[in-house]
$ cat my_file_7.tsv   # TSV, C-alpha atoms and all ligand atoms
chain	number	residue	atom	x	y	z
A	1	MET	CA	214.26	103.41	-74.18
A	2	TYR	CA	215.78	104.17	-70.83
A	3	LYS	CA	218.40	101.78	-69.48
A	4	LEU	CA	217.63	101.13	-65.84
A	5	ALA	CA	221.14	101.11	-64.40
A	6	ASN	CA	222.17	104.13	-66.51
A	7	VAL	CA	219.25	106.17	-65.24
A	8	TYR	CA	220.32	105.34	-61.68
A	9	ARG	CA	224.06	105.74	-62.21
A	10	GLU	CA	224.28	108.85	-60.03
A	11	PHE	CA	222.30	107.15	-57.22
A	12	PHE	CA	223.31	103.49	-56.85
A	13	PRO	CA	224.01	100.34	-58.88
A	14	VAL	CA	220.91	98.41	-59.93
A	15	GLY	CA	221.15	94.65	-59.91
A	16	THR	CA	219.17	91.49	-60.43
A	17	ALA	CA	219.25	87.93	-59.15
A	18	VAL	CA	220.14	85.36	-61.81
A	19	SER	CA	220.72	81.68	-62.38
A	20	ASN	CA	223.49	80.55	-64.72
A	21	ASP	CA	220.80	79.23	-67.04
A	22	TYR	CA	219.05	82.63	-67.10
A	23	ILE	CA	222.36	84.33	-67.91
A	24	SER	CA	223.02	82.11	-70.89
A	25	LYS	CA	219.58	82.79	-72.39
A	26	ASN	CA	218.98	86.44	-71.51
A	27	ARG	CA	222.29	88.21	-71.97
A	28	LEU	CA	220.88	91.24	-73.73
A	29	LEU	CA	218.29	92.13	-71.10
A	30	LEU	CA	220.90	91.79	-68.37
A	31	LEU	CA	223.56	93.83	-70.14
A	32	ARG	CA	221.12	96.54	-71.14
A	33	HIS	CA	219.53	97.23	-67.76
A	34	PHE	CA	221.66	95.97	-64.88
A	35	ASN	CA	225.16	96.65	-63.59
A	36	SER	CA	225.12	94.27	-60.63
A	37	LEU	CA	224.29	90.58	-60.22
A	38	THR	CA	223.42	88.24	-57.37
A	39	ALA	CA	223.36	84.46	-57.78
A	40	GLU	CA	219.80	83.56	-56.82
A	41	ASN	CA	220.73	80.06	-55.63
A	42	CYS	CA	223.98	78.65	-56.95
A	43	MET	CA	226.35	80.15	-54.36
A	44	LYS	CA	224.29	78.87	-51.43
A	45	PRO	CA	225.77	76.14	-49.22
A	46	VAL	CA	223.62	73.30	-50.59
A	47	TYR	CA	225.02	73.90	-54.08
A	48	VAL	CA	228.64	74.93	-53.44
A	49	HIS	CA	229.30	72.59	-50.52
A	50	PRO	CA	227.02	69.55	-50.78
A	51	PHE	CA	229.32	67.31	-48.69
A	52	GLU	CA	231.89	68.18	-46.10
A	53	ASP	CA	234.76	67.11	-48.34
A	54	LYS	CA	233.27	68.33	-51.65
A	55	TYR	CA	232.90	71.83	-53.01
A	56	ASP	CA	231.28	72.54	-56.39
A	57	PHE	CA	231.89	76.02	-57.73
A	58	GLY	CA	230.84	75.26	-61.32
A	59	ARG	CA	227.56	77.17	-61.60
A	60	GLY	CA	228.64	79.92	-59.24
A	61	SER	CA	231.79	80.45	-61.27
A	62	GLN	CA	229.73	80.91	-64.45
A	63	VAL	CA	227.85	83.75	-62.78
A	64	ALA	CA	231.07	85.24	-61.43
A	65	ASP	CA	232.80	85.02	-64.83
A	66	PHE	CA	229.85	86.69	-66.56
A	67	ALA	CA	229.99	89.54	-64.04
A	68	ILE	CA	233.75	89.98	-64.45
A	69	ARG	CA	233.67	89.80	-68.25
A	70	ASN	CA	230.93	92.41	-68.43
A	71	ARG	CA	232.31	94.66	-65.68
A	72	MET	CA	229.29	94.11	-63.47
A	73	LEU	CA	229.31	94.11	-59.70
A	74	LEU	CA	228.63	90.81	-57.98
A	75	ARG	CA	226.98	90.37	-54.58
A	76	GLY	CA	227.72	87.02	-52.99
A	77	HIS	CA	224.63	85.29	-51.57
A	78	CYS	CA	224.64	83.71	-49.00
A	79	LEU	CA	227.01	82.08	-46.52
A	80	VAL	CA	225.01	81.26	-43.37
A	81	TRP	CA	221.26	80.63	-43.59
A	82	HIS	CA	218.70	78.28	-42.07
A	83	LYS	CA	217.58	77.14	-45.55
A	84	GLN	CA	219.43	75.50	-48.45
A	85	THR	CA	222.15	74.29	-46.09
A	86	PRO	CA	223.01	70.59	-46.11
A	87	ASP	CA	222.42	68.55	-42.96
A	88	TRP	CA	226.04	67.43	-42.73
A	89	PHE	CA	226.92	70.85	-41.23
A	90	PHE	CA	224.92	69.87	-38.14
A	91	LEU	CA	225.58	66.14	-37.79
A	92	ASP	CA	228.24	63.98	-36.23
A	93	GLY	CA	227.34	60.55	-37.49
A	94	ASP	CA	223.66	60.26	-36.66
A	95	SER	CA	223.84	62.65	-33.69
A	96	PRO	CA	223.77	66.42	-33.54
A	97	ALA	CA	227.29	67.81	-33.91
A	98	GLY	CA	228.93	69.64	-31.00
A	99	ARG	CA	229.34	73.40	-30.91
A	100	ASN	CA	233.02	73.47	-31.88
A	101	LYS	CA	232.48	71.20	-34.86
A	102	VAL	CA	229.53	73.23	-36.15
A	103	LEU	CA	231.35	76.54	-35.81
A	104	SER	CA	234.61	75.34	-37.29
A	105	ARG	CA	232.73	73.86	-40.28
A	106	MET	CA	230.94	77.17	-40.72
A	107	GLU	CA	234.21	79.11	-40.63
A	108	SER	CA	235.93	76.77	-43.01
A	109	HIS	CA	232.95	77.02	-45.43
A	110	ILE	CA	233.04	80.82	-45.28
A	111	GLN	CA	236.79	81.02	-45.79
A	112	THR	CA	236.74	78.69	-48.78
A	113	VAL	CA	233.72	80.24	-50.51
A	114	VAL	CA	234.66	83.88	-49.94
A	115	GLY	CA	238.21	83.01	-50.99
A	116	CYS	CA	237.00	81.33	-54.19
A	117	PHE	CA	234.88	84.28	-55.34
A	118	ARG	CA	237.23	86.94	-54.05
A	119	ALA	CA	238.06	88.36	-57.49
A	120	ALA	CA	234.39	88.81	-58.41
A	121	ALA	CA	232.30	89.46	-55.30
A	122	TYR	CA	232.64	92.92	-53.76
A	123	ALA	CA	230.01	92.09	-51.11
A	124	TRP	CA	228.55	89.04	-49.36
A	125	ASP	CA	225.36	88.37	-47.49
A	126	VAL	CA	227.22	86.72	-44.64
A	127	VAL	CA	224.32	85.95	-42.32
A	128	ASN	CA	220.83	85.73	-43.77
A	129	GLU	CA	217.54	85.90	-41.84
A	130	ALA	CA	218.86	85.20	-38.34
A	131	VAL	CA	216.17	87.28	-36.62
A	132	SER	CA	212.86	85.75	-35.54
A	133	ASP	CA	209.61	86.72	-37.27
A	134	VAL	CA	207.57	85.91	-34.22
A	135	ASP	CA	206.85	88.97	-32.12
A	136	GLY	CA	207.27	88.46	-28.40
A	137	GLU	CA	209.59	85.44	-28.79
A	138	ALA	CA	213.36	85.35	-28.42
A	139	PRO	CA	214.93	87.84	-30.87
A	140	LEU	CA	217.02	85.28	-32.77
A	141	ARG	CA	215.43	82.73	-35.08
A	142	ALA	CA	215.24	79.26	-33.56
A	143	GLY	CA	217.15	76.81	-35.72
A	144	LYS	CA	220.20	74.62	-35.93
A	145	TRP	CA	222.73	77.41	-36.26
A	146	LEU	CA	221.49	78.87	-32.98
A	147	SER	CA	220.74	75.67	-31.08
A	148	LEU	CA	224.00	73.94	-32.03
A	149	GLY	CA	226.35	76.86	-32.71
A	150	GLY	CA	225.08	79.23	-30.01
A	151	GLU	CA	224.61	83.00	-30.47
A	152	ASP	CA	228.27	83.30	-31.25
A	153	TYR	CA	227.73	81.89	-34.74
A	154	ILE	CA	226.82	85.35	-36.03
A	155	PRO	CA	229.93	87.29	-34.93
A	156	ARG	CA	232.15	84.36	-35.86
A	157	ALA	CA	230.70	84.25	-39.37
A	158	PHE	CA	231.47	87.94	-39.99
A	159	ARG	CA	234.96	87.65	-38.51
A	160	ALA	CA	235.77	84.61	-40.65
A	161	ALA	CA	234.67	86.42	-43.82
A	162	LYS	CA	236.62	89.58	-42.97
A	163	GLN	CA	239.73	87.58	-42.27
A	164	VAL	CA	239.81	86.02	-45.71
A	165	ASP	CA	238.82	89.16	-47.66
A	166	PRO	CA	239.29	92.39	-45.70
A	167	GLN	CA	238.08	94.53	-48.65
A	168	CYS	CA	234.78	92.70	-49.07
A	169	ARG	CA	231.62	94.50	-47.86
A	170	LEU	CA	229.89	92.21	-45.37
A	171	PHE	CA	226.11	92.32	-44.99
A	172	TYR	CA	223.48	91.14	-42.57
A	173	ASN	CA	220.39	90.47	-44.76
A	174	ASP	CA	216.74	89.99	-43.72
A	175	PHE	CA	213.08	90.13	-44.83
A	176	ASN	CA	209.96	91.62	-43.21
A	177	GLU	CA	212.50	94.30	-42.45
A	178	THR	CA	209.98	97.16	-42.47
A	179	ARG	CA	207.71	95.65	-39.79
A	180	PRO	CA	208.28	97.73	-36.66
A	181	ALA	CA	208.78	94.86	-34.18
A	182	LYS	CA	211.12	92.98	-36.48
A	183	SER	CA	213.02	96.06	-37.61
A	184	ARG	CA	213.74	96.80	-33.94
A	185	ARG	CA	215.14	93.28	-33.47
A	186	ILE	CA	217.29	93.62	-36.60
A	187	TYR	CA	218.50	97.02	-35.40
A	188	ASP	CA	219.35	95.65	-31.95
A	189	LEU	CA	221.23	92.69	-33.42
A	190	VAL	CA	223.38	94.82	-35.72
A	191	LYS	CA	223.93	97.49	-33.07
A	192	GLY	CA	225.14	94.82	-30.65
A	193	LEU	CA	227.49	93.36	-33.25
A	194	LEU	CA	228.93	96.76	-34.08
A	195	SER	CA	229.46	97.67	-30.45
A	196	ASP	CA	231.37	94.39	-30.02
A	197	GLY	CA	233.62	95.39	-32.92
A	198	VAL	CA	232.22	92.76	-35.30
A	199	PRO	CA	232.96	93.70	-38.94
A	200	VAL	CA	229.44	94.29	-40.29
A	201	ASP	CA	229.62	96.80	-43.16
A	202	GLY	CA	226.05	96.80	-44.32
A	203	LEU	CA	222.47	95.87	-43.79
A	204	GLY	CA	220.42	94.25	-46.54
A	205	MET	CA	216.71	95.04	-46.66
A	206	GLN	CA	215.38	92.24	-48.85
A	207	GLY	CA	212.36	94.18	-50.11
A	208	HIS	CA	209.89	91.36	-50.79
A	209	TYR	CA	206.84	93.62	-50.92
A	210	ASN	CA	203.40	93.47	-52.49
A	211	ILE	CA	201.02	95.94	-54.14
A	212	TYR	CA	199.30	96.63	-50.80
A	213	GLY	CA	202.34	97.37	-48.68
A	214	PRO	CA	204.49	98.28	-46.96
A	215	SER	CA	203.80	101.97	-47.52
A	216	ALA	CA	206.45	104.45	-48.61
A	217	ASP	CA	206.37	105.86	-45.06
A	218	GLU	CA	207.00	102.43	-43.55
A	219	VAL	CA	209.93	101.79	-45.89
A	220	SER	CA	211.31	105.27	-45.13
A	221	ALA	CA	211.03	104.68	-41.38
A	222	ALA	CA	212.96	101.42	-41.65
A	223	ILE	CA	215.67	103.06	-43.78
A	224	GLU	CA	216.02	105.89	-41.25
A	225	LEU	CA	216.26	103.46	-38.35
A	226	TYR	CA	218.91	101.29	-40.04
A	227	ALA	CA	220.84	104.29	-41.38
A	228	SER	CA	221.20	105.52	-37.80
A	229	LEU	CA	223.49	102.51	-37.21
A	230	GLY	CA	226.03	104.12	-39.53
A	231	VAL	CA	226.26	101.10	-41.87
A	232	GLU	CA	225.58	101.16	-45.61
A	233	LEU	CA	222.17	99.93	-46.73
A	234	GLN	CA	221.16	97.92	-49.77
A	235	ILE	CA	217.82	96.76	-51.06
A	236	THR	CA	218.87	93.22	-51.88
A	237	GLU	CA	215.86	91.24	-53.20
A	238	LEU	CA	213.21	93.67	-54.42
A	239	ASP	CA	209.96	92.43	-55.92
A	240	VAL	CA	206.33	93.54	-55.70
A	241	SER	CA	203.88	90.64	-55.61
A	242	LEU	CA	200.37	91.08	-57.07
A	243	PHE	CA	198.99	89.11	-54.12
A	244	ARG	CA	198.75	89.64	-50.39
A	245	HIS	CA	200.76	87.13	-48.39
A	246	GLY	CA	198.67	83.95	-48.09
A	247	ASP	CA	196.23	84.87	-50.89
A	248	GLN	CA	195.65	81.76	-53.05
A	249	THR	CA	193.91	83.54	-55.98
A	250	SER	CA	195.32	83.01	-59.46
A	251	PHE	CA	194.83	84.69	-62.84
A	252	ASP	CA	195.51	83.59	-66.41
A	253	GLU	CA	196.56	87.14	-67.23
A	254	PRO	CA	197.56	89.88	-64.81
A	255	PRO	CA	194.58	92.23	-64.19
A	256	ALA	CA	195.28	95.71	-65.54
A	257	GLU	CA	194.27	97.45	-62.31
A	258	LEU	CA	196.73	95.32	-60.30
A	259	LEU	CA	199.54	96.10	-62.75
A	260	GLU	CA	198.70	99.78	-62.33
A	261	MET	CA	198.89	99.45	-58.54
A	262	GLN	CA	202.21	97.68	-58.97
A	263	ALA	CA	203.50	100.48	-61.19
A	264	GLU	CA	202.54	103.02	-58.55
A	265	ARG	CA	204.31	100.99	-55.86
A	266	TYR	CA	207.51	100.71	-57.90
A	267	GLY	CA	207.34	104.43	-58.61
A	268	GLU	CA	207.04	105.35	-54.96
A	269	LEU	CA	209.58	102.78	-53.79
A	270	PHE	CA	212.23	104.04	-56.20
A	271	ALA	CA	211.39	107.60	-55.11
A	272	VAL	CA	212.14	106.55	-51.52
A	273	PHE	CA	215.39	104.91	-52.59
A	274	ARG	CA	216.46	108.06	-54.45
A	275	LYS	CA	215.60	110.22	-51.45
A	276	TYR	CA	217.80	108.09	-49.20
A	277	SER	CA	220.49	107.37	-51.78
A	278	LYS	CA	223.21	108.78	-49.55
A	279	TYR	CA	222.73	105.68	-47.39
A	280	ILE	CA	221.85	103.18	-50.13
A	281	THR	CA	224.73	101.57	-52.01
A	282	GLY	CA	222.70	99.22	-54.19
A	283	VAL	CA	219.21	98.15	-55.24
A	284	THR	CA	218.81	94.58	-56.52
A	285	LEU	CA	215.62	93.07	-57.95
A	286	TRP	CA	214.97	89.40	-57.19
A	287	GLY	CA	214.81	88.50	-60.86
A	288	ALA	CA	214.84	90.41	-64.14
A	289	SER	CA	211.68	89.30	-65.94
A	290	ASP	CA	208.36	87.88	-64.79
A	291	GLU	CA	208.83	84.33	-66.08
A	292	MET	CA	211.73	83.84	-63.69
A	293	SER	CA	210.55	84.65	-60.18
A	294	TRP	CA	210.52	82.53	-57.06
A	295	LEU	CA	207.01	83.96	-56.51
A	296	ASN	CA	205.77	81.84	-59.45
A	297	ASN	CA	206.24	78.90	-57.07
A	298	PHE	CA	205.64	80.45	-53.67
A	299	PRO	CA	203.41	80.26	-51.72
A	300	VAL	CA	201.36	78.60	-54.49
A	301	LYS	CA	203.21	76.17	-56.79
A	302	ASN	CA	203.06	77.14	-60.50
A	303	ARG	CA	200.99	80.28	-59.94
A	304	GLN	CA	202.19	83.12	-62.15
A	305	ASN	CA	202.75	86.29	-60.13
A	306	TRP	CA	204.29	89.00	-62.42
A	307	PRO	CA	206.27	90.79	-59.65
A	308	LEU	CA	209.14	92.36	-61.65
A	309	LEU	CA	209.87	95.27	-64.01
A	310	PHE	CA	209.96	93.32	-67.31
A	311	ASP	CA	207.23	90.98	-68.57
A	312	CYS	CA	207.66	87.39	-69.76
A	313	GLU	CA	208.61	88.65	-73.24
A	314	HIS	CA	211.09	91.07	-71.65
A	315	ARG	CA	209.08	94.15	-72.53
A	316	PRO	CA	209.26	96.93	-69.97
A	317	LYS	CA	206.10	97.07	-67.84
A	318	ALA	CA	204.34	100.16	-66.52
A	319	ALA	CA	206.30	99.44	-63.33
A	320	PHE	CA	209.54	99.99	-65.24
A	321	GLU	CA	208.31	103.26	-66.74
A	322	ARG	CA	207.32	104.55	-63.29
A	323	ALA	CA	210.65	103.47	-61.78
A	324	VAL	CA	212.69	105.46	-64.30
A	325	GLN	CA	210.58	108.56	-64.96
A	326	TRP	CA	210.58	111.18	-62.29
A	327	LYS	CA	212.20	114.29	-63.62
A	401	LIG	O1	217.84	72.40	-57.41
A	401	LIG	C1	216.56	71.74	-57.41
A	401	LIG	C2	216.41	70.92	-58.64
A	401	LIG	O2	217.39	69.91	-58.64
A	401	LIG	C3	215.00	70.33	-58.67
A	401	LIG	O3	214.81	69.67	-59.87
A	401	LIG	C4	213.94	71.45	-58.55
A	401	LIG	C5	212.53	70.87	-58.49
A	401	LIG	O4	211.63	71.79	-57.91
A	401	LIG	O5	214.18	72.16	-57.37
A	401	LIG	C6	215.44	72.79	-57.37
A	401	LIG	O6	215.60	73.50	-56.19
A	401	LIG	C7	214.81	74.68	-56.04
A	401	LIG	C8	215.75	75.89	-55.97
A	401	LIG	O7	215.03	77.04	-55.64
A	401	LIG	C9	216.49	76.12	-57.28
A	401	LIG	O8	215.60	76.35	-58.32
A	401	LIG	C10	214.05	74.56	-54.73
A	401	LIG	O9	213.05	73.53	-54.87
A	401	LIG	C11	213.38	75.88	-54.36
A	401	LIG	O10	212.84	75.78	-53.07
A	401	LIG	C12	214.42	76.97	-54.38
A	401	LIG	O11	213.78	78.19	-54.07
A	401	LIG	C13	214.65	79.28	-53.77
A	401	LIG	C14	214.38	79.74	-52.34
A	401	LIG	O12	215.21	80.88	-52.07
A	401	LIG	C15	214.73	78.67	-51.32
A	401	LIG	O13	214.26	79.05	-50.06
A	401	LIG	C16	214.31	80.41	-54.73
A	401	LIG	O14	214.66	80.02	-56.07
A	401	LIG	C17	215.10	81.66	-54.35
A	401	LIG	O15	214.63	82.75	-55.09
A	401	LIG	C18	214.84	81.97	-52.87
A	401	LIG	O16	215.60	83.09	-52.54
A	401	LIG	C19	215.46	83.58	-51.19
A	401	LIG	C20	216.77	84.23	-50.82
A	401	LIG	O17	217.84	83.35	-51.05
A	401	LIG	C21	216.75	84.72	-49.38
A	401	LIG	N1	215.62	85.60	-49.14
A	401	LIG	C22	214.32	85.06	-49.55
A	401	LIG	C23	214.35	84.63	-51.01
A	401	LIG	C24	213.00	84.17	-51.48
A	401	LIG	O18	212.60	83.03	-50.77

$ encode --input "my_file_7.tsv" --output "structure tokens" --more "lines below"
Ligand code: G3I
Amino acid sequence: MYKLANVYREFFPVGTAVSNDYISKNRLLLLRHFNSLTAENCMKPVYVHPFEDKYDFGRGSQVADFAIRNRMLLRGHCLVWHKQTPDWFFLDGDSPAGRNKVLSRMESHIQTVVGCFRAAAYAWDVVNEAVSDVDGEAPLRAGKWLSLGGEDYIPRAFRAAKQVDPQCRLFYNDFNETRPAKSRRIYDLVKGLLSDGVPVDGLGMQGHYNIYGPSADEVSAAIELYASLGVELQITELDVSLFRHGDQTSFDEPPAELLEMQAERYGELFAVFRKYSKYITGVTLWGASDEMSWLNNFPVKNRQNWPLLFDCEHRPKAAFERAVQWK
């Protein structure tokens, strides 16, 4: 059987998101097919920095140690995000914290976390999902980082990370990144940062797609637009849902025709990634096998989705075969 990361060795590393629990139970699948890891949750602020005076690197360190021991790459995920961030970042007693307090807490968080994982993480998603999804509104996502920290929170986050680890590759990471209006906003944000000399090394296209779209042409157009910024690109959270966004249908077993559509999608997506591999420095799936996907709980709680390359018994799916066979 083909080994995924081996097949792609000449193109880019192939990674997966993991939890420390998943690592302890599924070593063989991980070691056989992947040469890069991302912590799905346990390096996020709510887990590593639950209180201002308390860091907890336990679970994150298990992921980092596994990567080091097995000579795998590790992408750090994520430092500044509107979700999974404890409220204390934004409070001063019961009132909203002032700008200086919010930004200095953010910088101190970044310096400590990047410093802690310095030996393992070659890249970090520094700022995640800062661009608005609402066409026609202000380009930056409304939220506490923006309202309390001001627009400056984004450049300051990148500068703080670069200061503590100058070798680390620093990414801006976002979803819905192939939609034309949003891709233009992402492009404008990163272009502005670069022209101000902010150390952004790469752009993460999350890649949360479904069997109906986006098309290969739409993904290609986004890659070409972002590549024109001159930064490296990574697909950071790839999965292909069997459902359209908002669809509430559920199945006991995945319908064969939907799995076939999924296989076709994975085949054409990986063909696009190979075509643009001179710009792409990594492709990471958001999970290794179907029993462990965030899509099994979103947007419908406990609905099985089957969005990945390996099934719940870790057998390669048609999607896997199509992703590795092209010659
Ligand atoms: O830690 C608690 C646990 O204590 C509790 O018992 C359990 C009960 O449901 O919940 C646990 O927290 C869950 C956490 O994942 C860890 O499993 C949260 O409820 C759940 O909301 C959270 O979901 C994560 C989601 O980010 C949060 O928005 C997903 O696993 C994770 O895959 C997802 O990842 C994001 C990326 O970081 C950024 N891009 C989008 C992507 C998908 O949403």

$ residues_around --input "my_file_7.tsv" --residues "stretch 110-121 of chain A" --least-positions-apart "5" --cutoff "7 Å" --atoms "only C-alpha atoms" --output "list in words"
Ala64, Ile68, Leu74, Arg75, Gly76, Leu79, Ala160, Ala161, Val164 and Asp165 of chain A

$ residues_near_point --input "my_file_7.tsv" --point "(221.2, 78.3, -35.3)" --cutoff "12 Å" --atoms "only C-alpha atoms" --output "number ranges by chain"
A: 80-83, 85, 89-90, 99, 102-103, 106, 127-132, 140-154, 157

$ residues_around --input "my_file_7.tsv" --residues "A:Gln234" --least-positions-apart "3" --cutoff "10 Å" --atoms "all atoms listed in the file" --output "list in words"
Phe12, Pro13, Phe171, Asn173, Gly202, Leu203, Gly204, Met205, Gln206, Gly207, Ile223, Val231, Glu237, Phe273, Ser277, Tyr279, Ile280, Thr281, Gly282, Val283 and Thr284 of chain A

$ residues_near_ligand --input "my_file_7.tsv" --ligand "ligand LIG 401 (chain A)" --cutoff "8 Å" --atoms "only C-alpha atoms and all ligand atoms" --output "PyMOL selection string"
chain A and resi 40-42+44+77-78+83-84+128-129+174-175+206+208+237+286+293-295+298

$ residues_around --input "my_file_7.tsv" --residues "A:Ser183" --least-positions-apart "5" --cutoff "7 Å" --atoms "only C-alpha atoms" --output "ChimeraX atom specification"
/A:177-178,222

$ residues_near_point --input "my_file_7.tsv" --point "(234.2, 67.6, -37.1)" --cutoff "12 Å" --atoms "all atoms listed in the file" --output "number ranges by chain"
A: 52-53, 88-93, 95-106, 108

$ atom_distance --input "my_file_7.tsv" --atom1 "atom CA of A:His245" --atom2 "atom CA of A:Met261"
16.1 Å

$ closest_residue --input "my_file_7.tsv" --among "A:Arg185, A:Phe270, A:Gly192, A:Glu260" --to "A:Ser220" --atoms "only C-alpha atoms"
A:Phe270

$ atom_distance --input "my_file_7.tsv" --atom1 "atom CA of A:Lys317" --atom2 "atom CA of A:Arg69"
28.5 Å

$ atom_distance --input "my_file_7.tsv" --atom1 "atom CA of A:Ala288" --atom2 "atom CA of A:Thr16"
5.8 Å

$ closest_residue --input "my_file_7.tsv" --among "A:Tyr209, A:Phe51, A:Tyr22, A:Tyr276" --to "A:Val63" --atoms "only C-alpha atoms"
A:Tyr22

$ closest_residue --input "my_file_7.tsv" --among "A:Phe34, A:Asp252, A:Glu321, A:Gly246" --to "A:Pro299" --atoms "only C-alpha atoms"
A:Gly246

$ residues_around --input "my_file_7.tsv" --residues "A:Gln262" --least-positions-apart "2" --cutoff "10 Å" --atoms "only C-alpha atoms" --output "list in words"
Asn210, Ile211, Tyr212, Asp239, Val240, Ser241, Leu242, Ala256, Glu257, Leu258, Leu259, Glu260, Glu264, Arg265, Tyr266, Gly267, Glu268, Trp306, Pro307, Leu308, Leu309, Lys317, Ala318, Ala319, Phe320 and Arg322 of chain A

$ closest_residue --input "my_file_7.tsv" --among "A:Asn26, A:His109, A:Gln248, A:Asn6" --to "A:Pro50" --atoms "all atoms listed in the file"
A:His109

$ closest_residue --input "my_file_7.tsv" --among "A:Tyr47, A:Tyr55, A:Trp124, A:Tyr172" --to "A:Pro86" --atoms "only C-alpha atoms"
A:Tyr47

$ closest_residue --input "my_file_7.tsv" --among "A:Asp94, A:Leu29, A:Val14, A:Pro155" --to "A:Leu193" --atoms "all atoms listed in the file"
A:Pro155

$ residues_around --input "my_file_7.tsv" --residues "A:Gly58" --least-positions-apart "2" --cutoff "9 Å" --atoms "all atoms listed in the file" --output "list of chain:residue names"
A:Cys42, A:Val48, A:Asp56, A:Gly60, A:Ser61, A:Gln62

$ decode --input "my_file_7.tsv" --residues "stretch 68-80 of chain A" --atoms "N, CA, C and O atoms" --output "CSV table (one decimal), in the first residue's frame"
chain,number,residue,atom,x,y,z
A,68,ILE,N,8.9,15.2,17.8
A,68,ILE,CA,10.3,15.2,17.8
A,68,ILE,C,10.9,13.8,17.7
A,68,ILE,O,11.8,13.5,17.0
A,69,ARG,N,10.3,12.9,18.6
A,69,ARG,CA,10.8,11.5,18.6
A,69,ARG,C,10.7,10.8,17.3
A,69,ARG,O,11.5,10.0,17.0
A,70,ASN,N,9.7,11.2,16.5
A,70,ASN,CA,9.4,10.5,15.3
A,70,ASN,C,9.9,11.3,14.1
A,70,ASN,O,9.5,11.0,12.9
A,71,ARG,N,10.6,12.3,14.3
A,71,ARG,CA,11.2,13.2,13.3
A,71,ARG,C,10.1,13.7,12.3
A,71,ARG,O,10.2,13.7,11.1
A,72,MET,N,9.0,14.1,13.0
A,72,MET,CA,7.9,14.7,12.2
A,72,MET,C,7.9,16.2,12.3
A,72,MET,O,8.4,16.7,13.4
A,73,LEU,N,7.4,16.9,11.3
A,73,LEU,CA,7.3,18.4,11.5
A,73,LEU,C,6.2,18.7,12.4
A,73,LEU,O,5.2,17.9,12.6
A,74,LEU,N,6.2,19.8,13.0
A,74,LEU,CA,5.1,20.2,13.9
A,74,LEU,C,4.7,21.7,13.5
A,74,LEU,O,5.5,22.6,13.5
A,75,ARG,N,3.4,21.9,13.2
A,75,ARG,CA,2.9,23.2,13.0
A,75,ARG,C,2.2,23.6,14.3
A,75,ARG,O,1.3,22.9,14.8
A,76,GLY,N,2.5,24.8,14.8
A,76,GLY,CA,1.9,25.3,16.0
A,76,GLY,C,0.5,25.9,15.6
A,76,GLY,O,0.4,26.6,14.6
A,77,HIS,N,-0.5,25.7,16.4
A,77,HIS,CA,-1.8,26.2,16.1
A,77,HIS,C,-2.6,26.4,17.4
A,77,HIS,O,-2.7,25.4,18.2
A,78,CYS,N,-3.1,27.5,17.7
A,78,CYS,CA,-2.9,28.8,17.1
A,78,CYS,C,-2.8,29.9,18.2
A,78,CYS,O,-3.3,29.6,19.3
A,79,LEU,N,-2.2,31.0,17.9
A,79,LEU,CA,-1.9,31.9,19.0
A,79,LEU,C,-2.9,33.0,19.2
A,79,LEU,O,-3.3,33.3,20.4
A,80,VAL,N,-3.5,33.5,18.2
A,80,VAL,CA,-4.5,34.6,18.3
A,80,VAL,C,-5.7,34.3,17.5
A,80,VAL,O,-5.6,34.2,16.3
